[in-house]
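Asks: Structure below; questions to follow.
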Amino acid sequence: MIATRWALWAAGAAMIAWGLWTAWVRVPPDQWVSVLLWLAGGIVVHDAVLAPVAILLGLVMLPRVPETWRPALRGGLLALGVLALLGVGVFMGAEGRRNPSVVPQDPLAAVLVAVAVVVVGVVIGGLVTTRRRARAVGTA
Amino acid sequence: MAKVEDETRRSRLPRLPRTEDFASAIHDPRVVARVGVLLGSAFLLVFLTGLYSHVHQNPVAWFPLGPDPAWLYRVTQGIHVGAGIACVPLLLAKLYAAYPALFEQPPVRGPLHALERLSVAVLVATATFQLVTGVLNTFQWYPWSFGFVGVHYATSWVVIGSLLIHVGVKLPVIVPALRARIKDGEIVDPEIADESPLPRTHISDGDLMSIPDGDLHPAEDRSTTEATATRRGFLTAVAVTTLGAVALTVGQTVRPLAPLSVLAPRDPRVGSQGVPVNKTAASAQVTSDVVGPAWRLELEGPDGVVQLSRDDLLAMDQHTADLPIACVEGWSAMATWQGVRVRDLVERAGGRVGDGGHDVSVASLQVGGAYSRSVLQASYVASDDTLLALRLNGQDLNLDHGYPARIIAPNRPGVLQTKWVNRLAVVEPVIA
């Protein structure tokens with residue numbers, strides 16, 4: 001295993017070095033600040049937004065719902081996270097639409113449909129898990 | 001564990017949580033490793049298809065590209081964007097499963113541990129960066145002040161490099177975590193002959209321990225069943241969410257699924273003449289004046305330069321090709337194109353077609369932009385389906401689709417299907 005680990009580290013370090021060199025020669029210096037801000041943004045969003053939100057949900061919400069509904073709710077929250085990103089894309093893409101074929105759908109209707117899909121998915125997931133668990137307990 | 005609870009009760013002051021405070025069965029190496037395998041595979045797929053697209057736009061001699069099969073780029077780039085979207089829920093799930101590690105105490109235990117945490121920070125930063133900017137780019141929203149393509153390409157190497165380093169660090173945890181089975185309430189590794197229970201220290205990366213143990217050591221049967229249900233429930237929820245995110249977007253390239261694609265940036269059925277448009281004539285500053293009756297195609301080759309009007313081109317042999325236009329942004333749409341074979345134009349200019357044939361350098365009336373020029377390599381020139389197209393879906397090309405003439409060739413990124421062509425030059429192969 002130690003040989004595999006060293007091979008992964010060496011290959012990883014080489015790829016990072018190539019990426020940094022590529023950035024050095026391809027990205028003009030006046031763009032670096034913007035790149036670094038967006039890179040740091042990922043860490044900030046994770047540490048200052050996502051992690052506290054996850055802790056709050058774990059402390060406040062999940063203990064108050066039946067156990068069989070928790071997986072579906074976690075899935076639903078995950079889906080809302082994805083929807084946040086795609087939703088921003090749909091709205092801003094429609095806002096700055098460069099021609100009528102970019103985000104041709106109505107952004108509000110699109111996001112509402114997606115939210116409805118998430119809600120329906122959580123309800124179905126919760127019901128299926130609850131019934132399956134009840135059956136498992138019944139047969140045990 | 002009991003000690004921590006005592007301390008909390010005694011102090012009654014809010015404090016930062018610690019890794020061992022996170023009691024959910026999800027924060028477990030077996031979950032982290034499984035989501036990690038899915039996320040790592042998706043990232044690798046995105047990286048390889050991304051490299052394929054990069055080579056199309058920056059050809060190299062050692063990786064020859066050709067027009068066959070015509071659908072290849074459409075599929076690889078559809079996978080690039082589709083798998084990239086799948087990475088979003090997978091990354092969120094991976095971060096959620098592993099985030100108690102963020103609250104490790106003490107935060108840094110030595111230089112090696114600091115390096116390991118730094119590598120995780122680089123991985124989180126670059127992976128998040130790549131997915132967020134990549135998704136927003138497909139919606140053509142650029143709330144940053146750097147050139148997307150170069151930064152996206154450079155960052156991809158750093159993401160995959162730090163991913164490999166992370167896998168190298170965690171390998172002693174990943175391997176047993178993936179192999180572990182529960183037997184009689186104990187975790188066993190089937191690879192160990194007598195299936196004796198794993199000691200707690202077995203699932204550890206030694207000095208670099210920074211992923212939570214969770215309830216790796218199940219106490220009693222009941223809690224094991226519940227913990228297993230929690231873990232399986234989470235993995236199922238992640239899988240359903242990932243498939244759902246793909247299902248609501250992939251119709252931008254898989255036409256039968258277009259009605260489902262409420263969150264896709266494009267609909268392959270919507271656009272002038274039934275095909276989506278990326279660069280419009282207005283944004284390329286191509287007006288009807290410059291493409292009026294006075295427009296001429298300048299065709300330069302060994303026999304000299306000829307000027308051809310659109311009527312001259314229409315008088316040549318017309319060919320029809322059903323080819324997709326496949327955008328780097330992940331959408332694609334099939335269309336029927338009609339026009340003159342580029343090989344016929346090369347022969348008319350006195351050039352060679354076939355093995356050792358000439359390339360064709362294409363220039364557009366488009367003002368500015370990196371894609372106003374392109375090169376058709378000899379392998380593409382030789383194809384019967386590589387056209388200087390004049391008509392689209394049974395009508396004359398409209399201005400946004402490149403009137404009076406545009407390039408369309410099989411297995412080629414949309415940005416290289418140059419529109420508003422005004423000059424073709426038969427040249428010696430650019431990449432020997």
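Following the order of the structure tokens, chains are lettered A, B, ..., residues in each are numbered from 1, and ligands are numbered from 1.
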Would you give me, as a VMD selection string, the residues of chain A that come within 6 Å of chain B, using only C-alpha atoms?

Replies: chain A and resid 5 8 to 9 12 15 to 16 19 22 to 23 31 34 39 42 to 43 71 75 79 82 89 93 101 to 103 110

Asks: Any chance you could export the current selection's C-alpha atoms as a compact mmCIF listing (two decimals), in the first residue's frame?

Replies:
# COMPACT_ATOMS: atom_id res chain seq x y z
CA ARG A 5 0.32 5.98 -1.68
CA LEU A 8 -0.62 8.88 -5.81
CA TRP A 9 1.26 11.66 -3.99
CA GLY A 12 -0.91 14.44 -7.55
CA MET A 15 -0.56 17.52 -11.70
CA ILE A 16 -0.87 20.41 -9.25
CA GLY A 19 -1.93 23.27 -13.20
CA THR A 22 -0.52 26.55 -16.78
CA ALA A 23 -2.27 29.21 -14.71
CA GLN A 31 -7.24 38.33 -13.34
CA SER A 34 -10.74 37.56 -9.06
CA LEU A 39 -11.36 30.10 -4.81
CA GLY A 42 -15.69 28.03 -1.79
CA ILE A 43 -13.93 27.59 1.56
CA PRO A 71 -33.08 10.03 4.97
CA GLY A 75 -31.98 14.01 0.42
CA ALA A 79 -31.49 18.65 -3.53
CA VAL A 82 -28.18 21.74 -5.84
CA GLY A 89 -28.04 29.93 -13.07
CA GLY A 93 -29.10 33.25 -17.38
CA SER A 101 -32.51 30.31 -27.06
CA VAL A 102 -30.61 30.88 -23.78
CA VAL A 103 -32.79 29.70 -20.85
CA ALA A 110 -38.92 26.27 -13.83

Asks: Which residues are near A:Leu83? Cut-off 9 Å, only C-alpha atoms, ignore same chain within fewer than 2 positions. Put them as a PyMOL selection string.

Replies: (chain A and resi 78-81+85-88+111+114-115) or (chain B and resi 245+263)

Asks: Could you save those same residues with all heavy atoms as an mmCIF file, in the first residue's frame?

Replies:
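Result saved to selection-v6.cif:
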data_model
loop_
_atom_site.group_PDB
_atom_site.id
_atom_site.type_symbol
_atom_site.label_atom_id
_atom_site.label_comp_id
_atom_site.auth_asym_id
_atom_site.auth_seq_id
_atom_site.Cartn_x
_atom_site.Cartn_y
_atom_site.Cartn_z
ATOM 1 N N LEU A 78 -30.290 18.191 0.450
ATOM 2 C CA LEU A 78 -29.220 18.082 -0.543
ATOM 3 C C LEU A 78 -29.704 18.624 -1.887
ATOM 4 O O LEU A 78 -29.025 19.418 -2.552
ATOM 5 C CB LEU A 78 -28.848 16.604 -0.663
ATOM 6 C CG LEU A 78 -27.572 16.202 -1.357
ATOM 7 C CD1 LEU A 78 -26.396 16.834 -0.650
ATOM 8 C CD2 LEU A 78 -27.441 14.681 -1.347
ATOM 9 N N ALA A 79 -30.921 18.213 -2.260
ATOM 10 C CA ALA A 79 -31.488 18.654 -3.534
ATOM 11 C C ALA A 79 -31.678 20.166 -3.540
ATOM 12 O O ALA A 79 -31.453 20.823 -4.566
ATOM 13 C CB ALA A 79 -32.813 17.945 -3.792
ATOM 14 N N LEU A 80 -32.083 20.730 -2.382
ATOM 15 C CA LEU A 80 -32.255 22.187 -2.335
ATOM 16 C C LEU A 80 -30.910 22.890 -2.524
ATOM 17 O O LEU A 80 -30.841 23.959 -3.138
ATOM 18 C CB LEU A 80 -32.896 22.606 -1.010
ATOM 19 C CG LEU A 80 -34.386 22.275 -0.868
ATOM 20 C CD1 LEU A 80 -34.923 22.830 0.450
ATOM 21 C CD2 LEU A 80 -35.187 22.826 -2.038
ATOM 22 N N GLY A 81 -29.827 22.281 -2.002
ATOM 23 C CA GLY A 81 -28.498 22.841 -2.214
ATOM 24 C C GLY A 81 -28.151 22.886 -3.696
ATOM 25 O O GLY A 81 -27.630 23.887 -4.201
ATOM 26 N N LEU A 85 -27.889 26.383 -6.630
ATOM 27 C CA LEU A 85 -26.909 26.725 -7.666
ATOM 28 C C LEU A 85 -27.563 26.789 -9.053
ATOM 29 O O LEU A 85 -27.410 27.777 -9.786
ATOM 30 C CB LEU A 85 -25.769 25.691 -7.657
ATOM 31 C CG LEU A 85 -24.708 25.858 -8.730
ATOM 32 C CD1 LEU A 85 -24.028 27.212 -8.625
ATOM 33 C CD2 LEU A 85 -23.671 24.745 -8.628
ATOM 34 N N LEU A 86 -28.325 25.712 -9.402
ATOM 35 C CA LEU A 86 -28.943 25.698 -10.729
ATOM 36 C C LEU A 86 -29.988 26.816 -10.845
ATOM 37 O O LEU A 86 -30.136 27.419 -11.913
ATOM 38 C CB LEU A 86 -29.592 24.335 -10.997
ATOM 39 C CG LEU A 86 -28.613 23.168 -11.180
ATOM 40 C CD1 LEU A 86 -29.364 21.847 -11.300
ATOM 41 C CD2 LEU A 86 -27.751 23.371 -12.427
ATOM 42 N N GLY A 87 -30.682 27.098 -9.732
ATOM 43 C CA GLY A 87 -31.694 28.148 -9.751
ATOM 44 C C GLY A 87 -31.072 29.517 -10.019
ATOM 45 O O GLY A 87 -31.595 30.300 -10.815
ATOM 46 N N VAL A 88 -29.937 29.793 -9.361
ATOM 47 C CA VAL A 88 -29.224 31.050 -9.626
ATOM 48 C C VAL A 88 -28.860 31.110 -11.110
ATOM 49 O O VAL A 88 -29.039 32.133 -11.772
ATOM 50 C CB VAL A 88 -27.957 31.164 -8.739
ATOM 51 C CG1 VAL A 88 -27.030 32.246 -9.261
ATOM 52 C CG2 VAL A 88 -28.344 31.452 -7.296
ATOM 53 N N VAL A 111 -38.139 26.944 -11.624
ATOM 54 C CA VAL A 111 -37.649 26.682 -10.265
ATOM 55 C C VAL A 111 -38.790 26.152 -9.391
ATOM 56 O O VAL A 111 -38.591 25.239 -8.576
ATOM 57 C CB VAL A 111 -37.012 27.959 -9.678
ATOM 58 C CG1 VAL A 111 -36.730 27.793 -8.190
ATOM 59 C CG2 VAL A 111 -35.721 28.281 -10.426
ATOM 60 N N ALA A 114 -39.213 22.562 -10.102
ATOM 61 C CA ALA A 114 -38.123 21.788 -9.495
ATOM 62 C C ALA A 114 -38.343 21.644 -7.991
ATOM 63 O O ALA A 114 -38.134 20.571 -7.422
ATOM 64 C CB ALA A 114 -36.781 22.460 -9.789
ATOM 65 N N VAL A 115 -38.800 22.731 -7.333
ATOM 66 C CA VAL A 115 -39.093 22.643 -5.896
ATOM 67 C C VAL A 115 -40.197 21.615 -5.661
ATOM 68 O O VAL A 115 -40.116 20.788 -4.741
ATOM 69 C CB VAL A 115 -39.498 24.028 -5.333
ATOM 70 C CG1 VAL A 115 -40.033 23.897 -3.903
ATOM 71 C CG2 VAL A 115 -38.303 24.979 -5.362
ATOM 72 N N ALA B 245 -30.938 15.399 -10.358
ATOM 73 C CA ALA B 245 -30.287 16.603 -10.900
ATOM 74 C C ALA B 245 -29.913 16.389 -12.369
ATOM 75 O O ALA B 245 -30.067 17.290 -13.202
ATOM 76 C CB ALA B 245 -29.047 16.944 -10.078
ATOM 77 N N LEU B 263 -34.410 22.630 -15.545
ATOM 78 C CA LEU B 263 -33.268 23.374 -15.008
ATOM 79 C C LEU B 263 -32.107 23.469 -16.001
ATOM 80 O O LEU B 263 -31.022 23.915 -15.644
ATOM 81 C CB LEU B 263 -32.781 22.719 -13.705
ATOM 82 C CG LEU B 263 -33.779 22.754 -12.548
ATOM 83 C CD1 LEU B 263 -33.206 22.047 -11.327
ATOM 84 C CD2 LEU B 263 -34.141 24.194 -12.193
#

Asks: Could you tell me how far atom CA of A:Ile124 lies from atom CA of A:Leu77, in Å and to one decimal?

Replies: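 So the answer is 14.7 Å.
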